[in-house]
>>> print(open('my_file-v2.cif').read())   # mmCIF, C-alpha atoms
data_final
loop_
_atom_site.group_PDB
_atom_site.id
_atom_site.type_symbol
_atom_site.label_atom_id
_atom_site.label_comp_id
_atom_site.auth_asym_id
_atom_site.auth_seq_id
_atom_site.Cartn_x
_atom_site.Cartn_y
_atom_site.Cartn_z
ATOM 1 C CA MET A 1 16.131 -22.957 2.604
ATOM 2 C CA SER A 2 14.289 -20.925 5.224
ATOM 3 C CA ASN A 3 15.809 -17.522 4.577
ATOM 4 C CA GLU A 4 16.451 -15.691 1.328
ATOM 5 C CA THR A 5 17.516 -12.126 0.562
ATOM 6 C CA GLU A 6 16.551 -10.492 -2.713
ATOM 7 C CA HIS A 7 16.751 -7.010 -4.212
ATOM 8 C CA THR A 8 13.416 -5.344 -4.794
ATOM 9 C CA SER A 9 11.867 -1.872 -4.912
ATOM 10 C CA THR A 10 10.180 -0.209 -1.988
ATOM 11 C CA GLN A 11 7.567 2.536 -2.077
ATOM 12 C CA LEU A 12 6.453 5.170 0.426
ATOM 13 C CA ILE A 13 2.890 6.415 0.110
ATOM 14 C CA GLY A 14 2.350 9.729 1.891
ATOM 15 C CA ASN A 15 -0.671 11.904 2.542
ATOM 16 C CA SER A 16 -0.294 13.573 -0.859
ATOM 17 C CA GLN A 17 0.209 10.156 -2.496
ATOM 18 C CA PRO A 18 3.786 10.566 -3.812
ATOM 19 C CA VAL A 19 5.422 7.222 -4.524
ATOM 20 C CA ILE A 20 9.118 6.929 -3.696
ATOM 21 C CA THR A 21 10.959 4.025 -5.290
ATOM 22 C CA TRP A 22 14.462 2.729 -4.543
ATOM 23 C CA GLU A 23 16.370 -0.552 -4.466
ATOM 24 C CA THR A 24 16.522 -2.410 -1.148
ATOM 25 C CA GLU A 25 16.815 -5.947 0.180
ATOM 26 C CA VAL A 26 13.938 -8.051 1.479
ATOM 27 C CA SER A 27 14.598 -11.061 3.678
ATOM 28 C CA ALA A 28 11.732 -13.555 3.959
ATOM 29 C CA SER A 29 11.818 -16.552 6.296
ATOM 30 C CA VAL A 30 9.127 -19.180 5.794
ATOM 31 C CA LYS A 31 10.288 -21.066 8.905
ATOM 32 C CA ASP A 32 10.032 -17.973 11.152
ATOM 33 C CA ARG A 33 7.117 -16.463 9.159
ATOM 34 C CA THR A 34 8.888 -13.092 8.966
ATOM 35 C CA ILE A 35 9.723 -10.458 6.384
ATOM 36 C CA SER A 36 12.488 -7.933 7.132
ATOM 37 C CA THR A 37 13.405 -4.928 5.037
ATOM 38 C CA LEU A 38 14.697 -1.392 4.879
ATOM 39 C CA LEU A 39 11.400 0.508 4.752
ATOM 40 C CA LEU A 40 12.745 3.960 4.038
ATOM 41 C CA PRO A 41 16.305 4.995 3.219
ATOM 42 C CA THR A 42 17.325 8.321 4.701
ATOM 43 C CA ASN A 43 19.587 11.036 3.301
ATOM 44 C CA GLU A 44 19.157 9.535 -0.170
ATOM 45 C CA GLU A 45 17.277 11.253 -2.969
ATOM 46 C CA GLY A 46 14.305 9.364 -4.356
ATOM 47 C CA ARG A 47 12.248 9.999 -7.444
ATOM 48 C CA THR A 48 8.554 10.349 -6.718
ATOM 49 C CA SER A 49 5.374 11.046 -8.621
ATOM 50 C CA ALA A 50 5.564 14.537 -7.072
ATOM 51 C CA GLY A 51 9.246 15.109 -7.960
ATOM 52 C CA ARG A 52 12.511 14.426 -6.156
ATOM 53 C CA LEU A 53 12.462 13.939 -2.391
ATOM 54 C CA THR A 54 15.041 13.291 0.317
ATOM 55 C CA VAL A 55 13.970 12.160 3.797
ATOM 56 C CA GLU A 56 16.480 13.284 6.402
ATOM 57 C CA ALA A 57 17.558 10.977 9.203
ATOM 58 C CA GLY A 58 15.375 11.554 12.279
ATOM 59 C CA ALA A 59 12.517 13.071 10.259
ATOM 60 C CA ILE A 60 10.150 10.141 10.966
ATOM 61 C CA THR A 61 8.975 9.533 14.529
ATOM 62 C CA LEU A 62 8.874 5.797 15.139
ATOM 63 C CA PRO A 63 6.073 4.377 17.303
ATOM 64 C CA ALA A 64 6.906 3.098 20.792
ATOM 65 C CA ASP A 65 5.038 -0.124 19.978
ATOM 66 C CA PRO A 66 6.017 -1.508 16.557
ATOM 67 C CA ALA A 67 2.845 -3.652 16.481
ATOM 68 C CA VAL A 68 0.889 -0.577 15.354
ATOM 69 C CA ILE A 69 2.665 -0.927 11.982
ATOM 70 C CA THR A 70 0.875 -3.359 9.687
ATOM 71 C CA LEU A 71 1.970 -5.038 6.500
ATOM 72 C CA ASN A 72 -0.905 -4.865 4.015
ATOM 73 C CA LEU A 73 -1.479 -6.335 0.577
ATOM 74 C CA ASP A 74 -1.644 -3.907 -2.335
ATOM 75 C CA HIS A 75 -1.846 -0.773 -0.123
ATOM 76 C CA GLU A 76 -5.229 -1.958 1.179
ATOM 77 C CA HIS A 77 -5.709 -1.290 4.903
ATOM 78 C CA ASN A 78 -8.381 -3.991 5.036
ATOM 79 C CA GLN A 79 -5.902 -6.652 3.831
ATOM 80 C CA PRO A 80 -3.283 -6.931 6.612
ATOM 81 C CA VAL A 81 -0.941 -9.927 6.450
ATOM 82 C CA GLY A 82 1.536 -8.988 9.166
ATOM 83 C CA ARG A 83 2.490 -6.784 12.102
ATOM 84 C CA ALA A 84 5.857 -5.252 12.875
ATOM 85 C CA THR A 85 7.713 -6.802 15.783
ATOM 86 C CA PHE A 86 10.764 -4.612 15.390
ATOM 87 C CA VAL A 87 11.434 -1.162 13.945
ATOM 88 C CA GLU A 88 14.494 1.045 14.282
ATOM 89 C CA GLU A 89 16.340 3.808 12.536
ATOM 90 C CA ARG A 90 19.776 2.732 11.382
ATOM 91 C CA GLU A 91 22.474 4.642 9.548
ATOM 92 C CA GLU A 92 20.926 3.714 6.176
ATOM 93 C CA GLY A 93 17.304 4.398 7.197
ATOM 94 C CA ILE A 94 14.267 2.827 8.865
ATOM 95 C CA PHE A 95 14.388 -0.961 9.131
ATOM 96 C CA ALA A 96 11.533 -3.259 10.207
ATOM 97 C CA THR A 97 10.712 -6.911 10.755
ATOM 98 C CA PHE A 98 7.143 -8.171 10.368
ATOM 99 C CA ASP A 99 5.546 -11.342 11.741
ATOM 100 C CA ILE A 100 3.385 -12.756 8.966
ATOM 101 C CA ALA A 101 -0.122 -14.063 9.677
ATOM 102 C CA ASN A 102 -0.665 -17.826 9.592
ATOM 103 C CA THR A 103 -3.314 -17.472 6.894
ATOM 104 C CA PRO A 104 -3.449 -18.323 3.177
ATOM 105 C CA GLU A 105 -2.836 -14.626 2.417
ATOM 106 C CA GLY A 106 0.183 -14.557 4.745
ATOM 107 C CA ALA A 107 1.600 -17.703 3.154
ATOM 108 C CA ALA A 108 1.130 -16.146 -0.288
ATOM 109 C CA ALA A 109 2.895 -12.943 0.836
ATOM 110 C CA LEU A 110 5.878 -14.975 2.092
ATOM 111 C CA ALA A 111 6.010 -16.999 -1.104
ATOM 112 C CA ASP A 112 5.830 -13.844 -3.224
ATOM 113 C CA ALA A 113 8.569 -12.156 -1.178
ATOM 114 C CA ARG A 114 10.860 -15.133 -1.843
ATOM 115 C CA ASN A 115 9.957 -15.523 -5.523
ATOM 116 C CA PRO A 116 11.917 -13.291 -7.956
ATOM 117 C CA GLU A 117 8.840 -13.323 -10.203
ATOM 118 C CA GLY A 118 6.421 -12.783 -7.286
ATOM 119 C CA LYS A 119 3.487 -10.391 -7.593
ATOM 120 C CA ARG A 120 4.277 -8.591 -4.344
ATOM 121 C CA ARG A 121 8.020 -8.074 -4.506
ATOM 122 C CA SER A 122 7.816 -4.540 -3.127
ATOM 123 C CA VAL A 123 7.173 -3.308 0.396
ATOM 124 C CA SER A 124 5.273 -0.054 0.918
ATOM 125 C CA ALA A 125 5.191 2.192 3.944
ATOM 126 C CA GLU A 126 2.713 4.934 4.797
ATOM 127 C CA PHE A 127 3.691 7.664 7.241
ATOM 128 C CA ASP A 128 1.637 10.535 8.622
ATOM 129 C CA ALA A 129 3.219 13.829 7.636
#
>>> encode(input="my_file-v2.cif", output="structure tokens")
Amino acid sequence: MSNETEHTSTQLIGNSQPVITWETEVSASVKDRTISTLLLPTNEEGRTSAGRLTVEAGAITLPADPAVITLNLDHEHNQPVGRATFVEEREEGIFATFDIANTPEGAAALADARNPEGKRRSVSAEFDA
């Protein structure tokens, strides 16, 4: 099977380091070497380390070139495993698809995204405030 959708938690790390967690779906395709997910739900209250937070639709400015968005391991900017090829705001929030690097780390990220017991079952997004 080349494509699998699972429920997982997603986190947003901001400049003040609040962590927002919610349930979302992650789709990982080994054949296409892609991971797709809802990065940030909008108009939905999240619980953060800094208290409750709701991000309104349209509050995040998306880049003209999605390739400037990287997918990193463990919030480490020096451990990129993918680049966004697609990002858009939908009714439910900001959605993105990432091409995953053809490296051992990229293969591990894909395997983890597909494995219910995987180490990296969550996707994190960092936005400039």
>>> closest_residue(input="my_file-v2.cif", among="A:Thr42, A:Asn115, A:Ser29, A:Asn78", to="Asp99 (chain A)", atoms="only C-alpha atoms")
A:Ser29
>>> atom_distance(input="my_file-v2.cif", atom1="CA of Glu88 (chain A)", atom2="CA of Glu117 (chain A)")
28.9 Å
>>> resolve_selection(input="my_file-v2.cif", expression="the PyMOL selection byres ((chain A and resi 30-41) around 6)", output="ChimeraX atom specification")
/A:2,26-29,42,92-100
>>> write_last_selection(input="my_file-v2.cif", atoms="C-alpha atoms", output="compact mmCIF listing (two decimals), keeping the file's coordinate frame")
# COMPACT_ATOMS: atom_id res chain seq x y z
CA SER A 2 14.29 -20.92 5.22
CA VAL A 26 13.94 -8.05 1.48
CA SER A 27 14.60 -11.06 3.68
CA ALA A 28 11.73 -13.56 3.96
CA SER A 29 11.82 -16.55 6.30
CA THR A 42 17.32 8.32 4.70
CA GLU A 92 20.93 3.71 6.18
CA GLY A 93 17.30 4.40 7.20
CA ILE A 94 14.27 2.83 8.86
CA PHE A 95 14.39 -0.96 9.13
CA ALA A 96 11.53 -3.26 10.21
CA THR A 97 10.71 -6.91 10.76
CA PHE A 98 7.14 -8.17 10.37
CA ASP A 99 5.55 -11.34 11.74
CA ILE A 100 3.38 -12.76 8.97
>>> atom_distance(input="my_file-v2.cif", atom1="CA of Ile69 (chain A)", atom2="CA of Thr103 (chain A)")
18.3 Å
>>> residues_near_point(input="my_file-v2.cif", point="(14.1, 13.6, 4.4)", cutoff="10 Å", atoms="all atoms listed in the file", output="list in words")
Leu40, Pro41, Thr42, Asn43, Glu44, Glu45, Gly46, Leu53, Thr54, Val55, Glu56, Ala57, Gly58, Ala59 and Ile60 of chain A
>>> atom_distance(input="my_file-v2.cif", atom1="CA of Glu25 (chain A)", atom2="CA of Ala113 (chain A)")
10.4 Å
>>> resolve_selection(input="my_file-v2.cif", expression="the PyMOL selection byres ((chain A and resi 66) around 10)", output="list in words")
Leu62, Pro63, Ala64, Asp65, Ala67, Val68, Ile69, Thr70, Arg83, Ala84, Thr85, Phe86, Val87, Glu88, Ala96, Thr97 and Phe98 of chain A
